[in-house]
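Chemist: So here's coords12.csv (CSV, C-alpha atoms).
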```
chain,number,residue,atom,x,y,z
A,1,MET,CA,-48.8,-7.9,-21.3
A,2,PHE,CA,-46.6,-6.2,-24.0
A,3,ARG,CA,-45.6,-3.5,-21.5
A,4,PHE,CA,-44.6,-6.1,-19.0
A,5,ILE,CA,-42.4,-7.9,-21.6
A,6,ALA,CA,-40.8,-4.7,-22.8
A,7,LEU,CA,-40.1,-3.6,-19.2
A,8,SER,CA,-38.5,-7.0,-18.4
A,9,ALA,CA,-36.3,-6.8,-21.5
A,10,LEU,CA,-35.2,-3.3,-20.5
A,11,VAL,CA,-34.3,-4.4,-17.0
A,12,ALA,CA,-32.4,-7.4,-18.3
A,13,PHE,CA,-30.5,-5.2,-20.8
A,14,THR,CA,-29.7,-2.6,-18.1
A,15,ASN,CA,-28.5,-5.3,-15.7
A,16,ALA,CA,-26.4,-6.9,-18.4
A,17,ARG,CA,-24.8,-3.6,-19.3
A,18,ALA,CA,-24.1,-2.9,-15.6
A,19,GLU,CA,-22.4,-6.3,-15.3
A,20,LEU,CA,-20.2,-5.6,-18.3
A,21,THR,CA,-19.1,-2.2,-17.2
A,22,SER,CA,-18.8,-2.9,-13.5
A,23,PRO,CA,-15.3,-3.2,-12.1
A,24,GLY,CA,-16.3,-6.3,-10.2
A,25,TYR,CA,-15.7,-5.1,-6.7
A,26,PRO,CA,-17.8,-3.4,-4.0
A,27,ASN,CA,-17.9,0.4,-4.1
A,28,PRO,CA,-19.4,2.0,-1.0
A,29,TYR,CA,-20.1,5.3,-2.9
A,30,GLY,CA,-22.9,3.6,-4.9
A,31,ASN,CA,-21.7,5.3,-8.0
A,32,SER,CA,-21.1,3.8,-11.4
A,33,ILE,CA,-17.7,3.1,-12.8
A,34,ASN,CA,-18.0,6.5,-14.6
A,35,ASP,CA,-17.8,8.3,-11.3
A,36,ILE,CA,-14.4,6.8,-10.4
A,37,THR,CA,-11.2,7.6,-12.2
A,38,VAL,CA,-8.4,5.1,-12.0
A,39,ILE,CA,-4.8,6.4,-11.5
A,40,ALA,CA,-2.1,4.1,-12.9
A,41,GLU,CA,-4.3,1.1,-13.4
A,42,PRO,CA,-1.9,-1.8,-14.2
A,43,PRO,CA,-1.8,-3.2,-17.8
A,44,GLY,CA,-4.1,-6.1,-18.4
A,45,SER,CA,-6.7,-5.1,-15.9
A,46,SER,CA,-10.4,-5.3,-16.8
A,47,LEU,CA,-10.7,-1.5,-17.0
A,48,ASN,CA,-8.2,-1.5,-19.9
A,49,SER,CA,-10.2,-3.9,-22.0
A,50,PRO,CA,-11.2,-2.5,-25.5
A,51,PHE,CA,-14.6,-4.0,-25.1
A,52,LEU,CA,-15.3,-2.2,-21.9
A,53,VAL,CA,-14.1,1.1,-23.4
A,54,ILE,CA,-16.7,0.7,-26.1
A,55,MET,CA,-19.4,0.1,-23.5
A,56,ILE,CA,-18.4,3.0,-21.2
A,57,ILE,CA,-18.1,5.8,-23.8
A,58,PRO,CA,-21.8,5.8,-24.8
A,59,MET,CA,-22.9,5.9,-21.1
A,60,MET,CA,-20.6,8.9,-20.5
A,61,ARG,CA,-22.1,10.8,-23.4
A,62,TYR,CA,-25.6,10.0,-22.3
A,63,ARG,CA,-25.0,11.4,-18.8
A,64,ARG,CA,-23.3,14.5,-20.1
A,65,ASN,CA,-26.2,15.2,-22.4
A,66,ASN,CA,-28.6,15.0,-19.4
A,67,GLY,CA,-26.7,17.7,-17.4
A,68,GLN,CA,-25.1,15.2,-15.0
A,69,ASN,CA,-21.4,15.7,-15.9
A,70,ARG,CA,-20.1,13.9,-12.8
A,71,CYS,CA,-18.3,11.2,-14.7
A,72,HIS,CA,-14.6,10.9,-15.4
A,73,THR,CA,-12.8,9.0,-18.1
A,74,VAL,CA,-10.4,6.2,-17.1
A,75,LEU,CA,-6.8,7.5,-17.2
A,76,SER,CA,-4.3,5.6,-19.2
A,77,THR,CA,-1.5,3.9,-17.4
A,78,ASP,CA,1.5,6.2,-17.3
A,79,GLN,CA,3.1,5.1,-14.0
A,80,PRO,CA,6.1,3.1,-15.0
A,81,LEU,CA,6.2,-0.4,-13.5
A,82,VAL,CA,9.8,-0.3,-12.3
A,83,THR,CA,9.3,-3.8,-10.8
A,84,ASN,CA,6.5,-6.3,-11.3
A,85,TRP,CA,6.7,-9.0,-8.7
A,86,GLY,CA,3.7,-10.3,-6.8
A,87,ASP,CA,0.0,-10.1,-7.1
A,88,TRP,CA,-2.5,-7.2,-7.0
A,89,THR,CA,-4.9,-7.0,-4.1
A,90,VAL,CA,-8.6,-6.1,-4.3
A,91,PRO,CA,-9.2,-2.3,-3.9
A,92,SER,CA,-9.8,-0.8,-0.5
A,93,TYR,CA,-11.9,2.3,-0.3
A,94,CYS,CA,-12.5,5.1,2.2
A,95,GLY,CA,-15.9,5.1,3.9
A,96,ALA,CA,-18.9,6.5,2.0
A,97,GLY,CA,-18.5,10.2,1.4
A,98,HIS,CA,-14.9,10.2,2.7
A,99,PHE,CA,-11.7,11.3,0.8
A,100,VAL,CA,-8.0,10.7,1.5
A,101,GLY,CA,-6.4,13.3,3.7
A,102,GLY,CA,-3.3,11.5,4.8
A,103,MET,CA,-1.4,8.2,5.1
A,104,VAL,CA,0.6,5.9,7.3
A,105,LEU,CA,3.3,3.6,5.8
A,106,ARG,CA,4.6,0.3,7.1
A,107,THR,CA,8.3,0.1,6.3
A,108,GLU,CA,11.2,-2.2,7.1
A,109,GLY,CA,14.3,-0.1,7.4
A,110,SER,CA,17.8,-1.2,6.4
A,111,ILE,CA,18.7,-4.4,8.2
A,112,ASP,CA,21.7,-6.8,8.1
A,113,GLY,CA,19.9,-9.2,5.8
A,114,ASP,CA,17.1,-9.2,3.2
A,115,ASP,CA,15.7,-5.6,3.0
A,116,THR,CA,12.0,-5.2,1.9
A,117,ALA,CA,11.5,-1.4,2.4
A,118,LEU,CA,7.9,-0.4,1.8
A,119,ASN,CA,5.5,-3.1,2.9
A,120,ALA,CA,2.0,-1.5,3.2
A,121,ILE,CA,0.1,1.7,2.8
A,122,ARG,CA,-2.9,3.0,4.9
A,123,PHE,CA,-4.9,5.9,3.6
A,124,LEU,CA,-6.5,8.1,6.2
A,125,CYS,CA,-9.9,9.4,5.1
A,126,ASN,CA,-11.9,12.6,6.1
A,127,SER,CA,-15.3,13.8,5.3
A,128,PHE,CA,-15.8,16.5,2.7
A,129,ARG,CA,-15.4,20.0,4.3
A,130,GLY,CA,-15.0,18.4,7.7
A,131,ASN,CA,-12.6,19.3,10.4
A,132,GLY,CA,-9.9,17.0,9.2
A,133,ASP,CA,-10.7,14.1,11.7
A,134,VAL,CA,-9.9,10.6,10.4
A,135,LEU,CA,-13.3,8.9,10.0
A,136,SER,CA,-12.2,5.8,8.0
A,137,THR,CA,-9.2,4.2,6.5
A,138,ALA,CA,-8.3,2.2,3.4
A,139,THR,CA,-5.7,-0.6,3.8
A,140,PRO,CA,-5.6,-3.1,1.0
A,141,HIS,CA,-2.8,-5.2,2.6
A,142,GLN,CA,-1.2,-5.2,6.0
A,143,GLY,CA,2.3,-6.2,4.8
A,144,TYR,CA,4.7,-8.6,6.3
A,145,TRP,CA,7.8,-6.9,7.7
A,146,GLY,CA,8.7,-3.7,9.5
A,147,GLY,CA,6.5,-1.4,11.5
A,148,TRP,CA,3.9,1.3,11.0
A,149,GLY,CA,5.3,4.8,11.0
A,150,ARG,CA,3.7,8.1,11.9
A,151,GLU,CA,0.8,9.9,10.3
A,152,PHE,CA,1.3,12.3,7.4
A,153,ARG,CA,-1.6,14.6,6.8
A,154,CYS,CA,-2.6,17.2,4.1
A,155,THR,CA,-3.1,20.7,5.5
A,156,ALA,CA,-6.9,21.1,6.0
A,157,PRO,CA,-9.1,21.7,4.0
A,158,ASP,CA,-6.9,20.1,1.4
A,159,TYR,CA,-7.3,16.5,0.1
A,160,ALA,CA,-4.9,14.1,-1.5
A,161,ILE,CA,-5.4,14.6,-5.3
A,162,GLY,CA,-2.5,12.3,-6.3
A,163,PHE,CA,0.5,10.4,-5.4
A,164,GLU,CA,4.1,9.4,-6.4
A,165,LEU,CA,5.8,6.2,-5.7
A,166,ARG,CA,9.5,5.8,-5.0
A,167,SER,CA,10.8,2.5,-6.4
A,168,GLU,CA,14.1,0.7,-6.8
A,169,PRO,CA,14.7,-1.2,-10.1
A,170,SER,CA,16.0,-4.7,-10.0
A,171,ILE,CA,19.7,-4.8,-9.0
A,172,ASN,CA,22.4,-7.4,-8.9
A,173,GLY,CA,21.9,-7.9,-5.2
A,174,ASP,CA,19.1,-7.3,-2.6
A,175,ASP,CA,16.0,-6.1,-4.4
A,176,THR,CA,13.5,-3.8,-2.4
A,177,ALA,CA,11.0,-2.6,-5.1
A,178,GLY,CA,8.7,0.0,-3.6
A,179,ASN,CA,10.4,2.3,-1.0
A,180,ASN,CA,8.3,5.4,-0.2
A,181,LEU,CA,5.1,7.2,-1.1
A,182,ARG,CA,4.4,10.9,-1.7
A,183,LEU,CA,0.9,12.4,-1.4
A,184,ILE,CA,0.0,15.4,-3.5
A,185,CYS,CA,-2.5,17.6,-1.7
A,186,ALA,CA,-4.6,20.5,-2.9
A,187,ASP,CA,-7.9,22.2,-2.3
A,188,TYR,CA,-11.1,21.7,-4.3
A,189,LEU,CA,-9.9,23.5,-7.4
A,190,TYR,CA,-6.1,23.1,-6.9
A,191,ALA,CA,-6.1,26.9,-6.6
A,192,GLN,CA,-6.7,28.4,-3.1
A,193,PHE,CA,-3.6,27.1,-1.4
A,194,GLY,CA,-1.6,25.6,-4.2
A,195,ILE,CA,-0.1,22.2,-4.4
A,196,GLU,CA,1.4,20.5,-1.3
A,197,GLU,CA,3.7,17.5,-1.5
A,198,ILE,CA,4.0,15.3,1.6
A,199,ASP,CA,6.6,12.5,1.7
A,200,GLY,CA,6.2,9.5,3.9
A,201,ASP,CA,8.8,8.0,6.2
A,202,GLY,CA,9.8,5.1,3.9
A,203,THR,CA,13.3,4.3,2.7
A,204,GLY,CA,15.4,6.1,0.2
A,205,TRP,CA,16.5,3.5,-2.4
A,206,GLY,CA,15.5,4.0,-6.0
A,207,TYR,CA,13.9,7.1,-7.5
A,208,TRP,CA,10.5,8.9,-7.7
A,209,THR,CA,8.6,7.5,-10.6
A,210,GLY,CA,6.4,10.4,-11.7
A,211,GLN,CA,3.3,12.1,-10.2
A,212,GLN,CA,-0.2,10.7,-10.8
A,213,LYS,CA,-3.0,13.2,-10.3
A,214,CYS,CA,-6.8,13.2,-10.2
A,215,PRO,CA,-8.9,15.4,-12.5
A,216,ARG,CA,-9.9,18.8,-10.9
A,217,GLY,CA,-12.9,18.4,-8.7
A,218,SER,CA,-12.0,14.9,-7.5
A,219,ALA,CA,-9.7,13.4,-4.9
A,220,LEU,CA,-8.3,10.0,-3.9
A,221,CYS,CA,-10.8,7.7,-2.4
A,222,GLY,CA,-9.1,4.3,-2.4
A,223,LEU,CA,-6.2,2.2,-3.6
A,224,LYS,CA,-4.9,-1.3,-4.3
A,225,VAL,CA,-1.3,-2.5,-4.2
A,226,GLN,CA,0.9,-5.1,-5.9
A,227,ILE,CA,2.6,-7.1,-3.2
A,228,GLU,CA,5.0,-10.0,-3.3
A,229,HIS,CA,4.2,-12.6,-0.7
A,230,PRO,CA,7.1,-14.2,1.2
A,231,ILE,CA,9.2,-16.4,-0.9
A,232,ASP,CA,12.2,-18.7,-0.4
A,233,GLY,CA,14.7,-16.1,-1.6
A,234,ASP,CA,14.9,-12.3,-2.1
A,235,ASP,CA,11.7,-10.7,-0.7
A,236,THR,CA,10.5,-7.3,-1.9
A,237,ALA,CA,7.0,-6.9,-0.4
A,238,LEU,CA,5.1,-3.9,-2.0
A,239,ASN,CA,5.9,-3.3,-5.6
A,240,ASN,CA,3.3,-1.0,-7.1
A,241,VAL,CA,0.3,1.2,-6.3
A,242,ALA,CA,-2.9,1.9,-8.2
A,243,ALA,CA,-5.1,4.7,-6.7
A,244,TYR,CA,-8.8,5.7,-7.3
A,245,CYS,CA,-10.3,9.1,-7.6
A,246,CYS,CA,-13.9,9.9,-6.7
A,247,THR,CA,-15.8,13.1,-7.6
A,248,LEU,CA,-16.0,15.6,-4.7
A,249,PRO,CA,-19.4,17.1,-3.9
A,250,LYS,CA,-20.1,20.5,-5.4
A,251,MET,CA,-19.4,23.5,-3.3
```
Let me see the structure of the file written as structure tokens.

Modeler:
Amino acid sequence: MFRFIALSALVAFTNARAELTSPGYPNPYGNSINDITVIAEPPGSSLNSPFLVIMIIPMMRYRRNNGQNRCHTVLSTDQPLVTNWGDWTVPSYCGAGHFVGGMVLRTEGSIDGDDTALNAIRFLCNSFRGNGDVLSTATPHQGYWGGWGREFRCTAPDYAIGFELRSEPSINGDDTAGNNLRLICADYLYAQFGIEEIDGDGTGWGYWTGQQKCPRGSALCGLKVQIEHPIDGDDTALNNVAAYCCTLPKM
């Protein structure tokens, strides 16, 4: 009887800890939050809570001490929020075991009216050590204006290990916010073929805001975006990007 009560208490504690440290959204990888690194997580998100940091650190130490050093720390937010209009979508992930190898952008080019520039991002996902075929996609929002451009792919066997957003600050006129995206591609250890930068076919207003990179041994596996829904005024569509890194399998 005592064993049953003790086991029940352990299960309840484990479930409670999992709920406290869970990011609160489905993850097809089946890994804990410690297996995913967040790039440029916006301020005020659940992953930046001091309480969660306290809960995560002991779990990371425990796993390291057991020879399972697959976990990554959560990166601090260093992507500047050039604009901050709209709401964040829920994350969209590659399929299980897939990693980002390319992208397609939905962009509204310059028009005689209200420009919105970058509207949506679709990540193209490959299997680890596959032939580069697109096996799944991650699209957190379809956007509102413009059209989908062409595919931009990392040179196989590279994966996207980071990104950089081009953004236009608020101006005294027609605001556009996010304009373009750059993928940063590399091989497993960032060494064999060096770093490759691939710019999308977005628009050219604003400036590149700084590269965000995964830790070595990991690659992009998902993203979410901040997007402003249509308003009765100056529309901007996509404003910011937060990307997620997942641990690559060992060679």

Chemist: With all atoms listed in the file as the basis for distance, which of A:Gly206, A:Leu81, A:Arg216, A:Lys224 is at the shortest distance from Ser167 in chain A?

Modeler: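 Of A:Gly206, A:Leu81, A:Arg216, A:Lys224, the one nearest Ser167 in chain A, counting all atoms listed in the file, is A:Gly206.
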
Chemist: If we draw a sphere of 9 Å around (7.1, 0.0, 7.1), which residues have at least one atom in it when counting only C-alpha atoms? Please report them as a PyMOL selection string.

Modeler: chain A and resi 104-109+116-121+143-149+201-203

Chemist: Identify the residues around (6.3, -3.7, -10.2) within a radius of 12 Å, measuring from all atoms listed in the file in the coordinates stated by the file, and give them as a ChimeraX atom specification.

Modeler: /A:40,42-43,79-88,165-170,175-179,209,225-228,236-242

Chemist: Work out how far CA of Pro249 in chain A is from CA of Thr89 in chain A, in Å to one decimal.

Modeler: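 Between CA of Thr89 in chain A and CA of Pro249 in chain A the gap is 28.1 Å.
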
Chemist: Would you kindly return, as JSON, numbers by chain, each protein, DNA or RNA residue with an atom no farther than 8 Å from any atom of Gly200 in chain A, considering only C-alpha atoms and excluding same-chain residues fewer than 5 positions away?

Modeler: {"A": [103, 104, 105, 152, 180, 181, 182]}

Chemist: Those selected residues, please, written with C-alpha atoms and delivered as a PDB file, in the frame of the given file.

Modeler:
```pdb
ATOM      1  CA  MET A 103      -1.400   8.200   5.100  1.00  0.00           C
ATOM      2  CA  VAL A 104       0.600   5.900   7.300  1.00  0.00           C
ATOM      3  CA  LEU A 105       3.300   3.600   5.800  1.00  0.00           C
ATOM      4  CA  PHE A 152       1.300  12.300   7.400  1.00  0.00           C
ATOM      5  CA  ASN A 180       8.300   5.400  -0.200  1.00  0.00           C
ATOM      6  CA  LEU A 181       5.100   7.200  -1.100  1.00  0.00           C
ATOM      7  CA  ARG A 182       4.400  10.900  -1.700  1.00  0.00           C
TER       8      ARG A 182
END
```

Chemist: What is the distance between CA of Cys154 in chain A and CA of Ile198 in chain A, in Å to one decimal?

Modeler: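 These atoms are spaced 7.3 Å apart.
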
Chemist: Do you know which residues are at most 12 Å from Gly130 in chain A counting only C-alpha atoms, after dropping those on the same chain fewer than 3 positions away, and could you put them as a count of residues only?

Modeler: 14

Chemist: Please measure the separation of CA of Glu196 in chain A and CA of Cys221 in chain A, giving the value in Å to one decimal.

Modeler: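 Spanning CA of Glu196 in chain A to CA of Cys221 in chain A is a straight-line distance of 17.7 Å.
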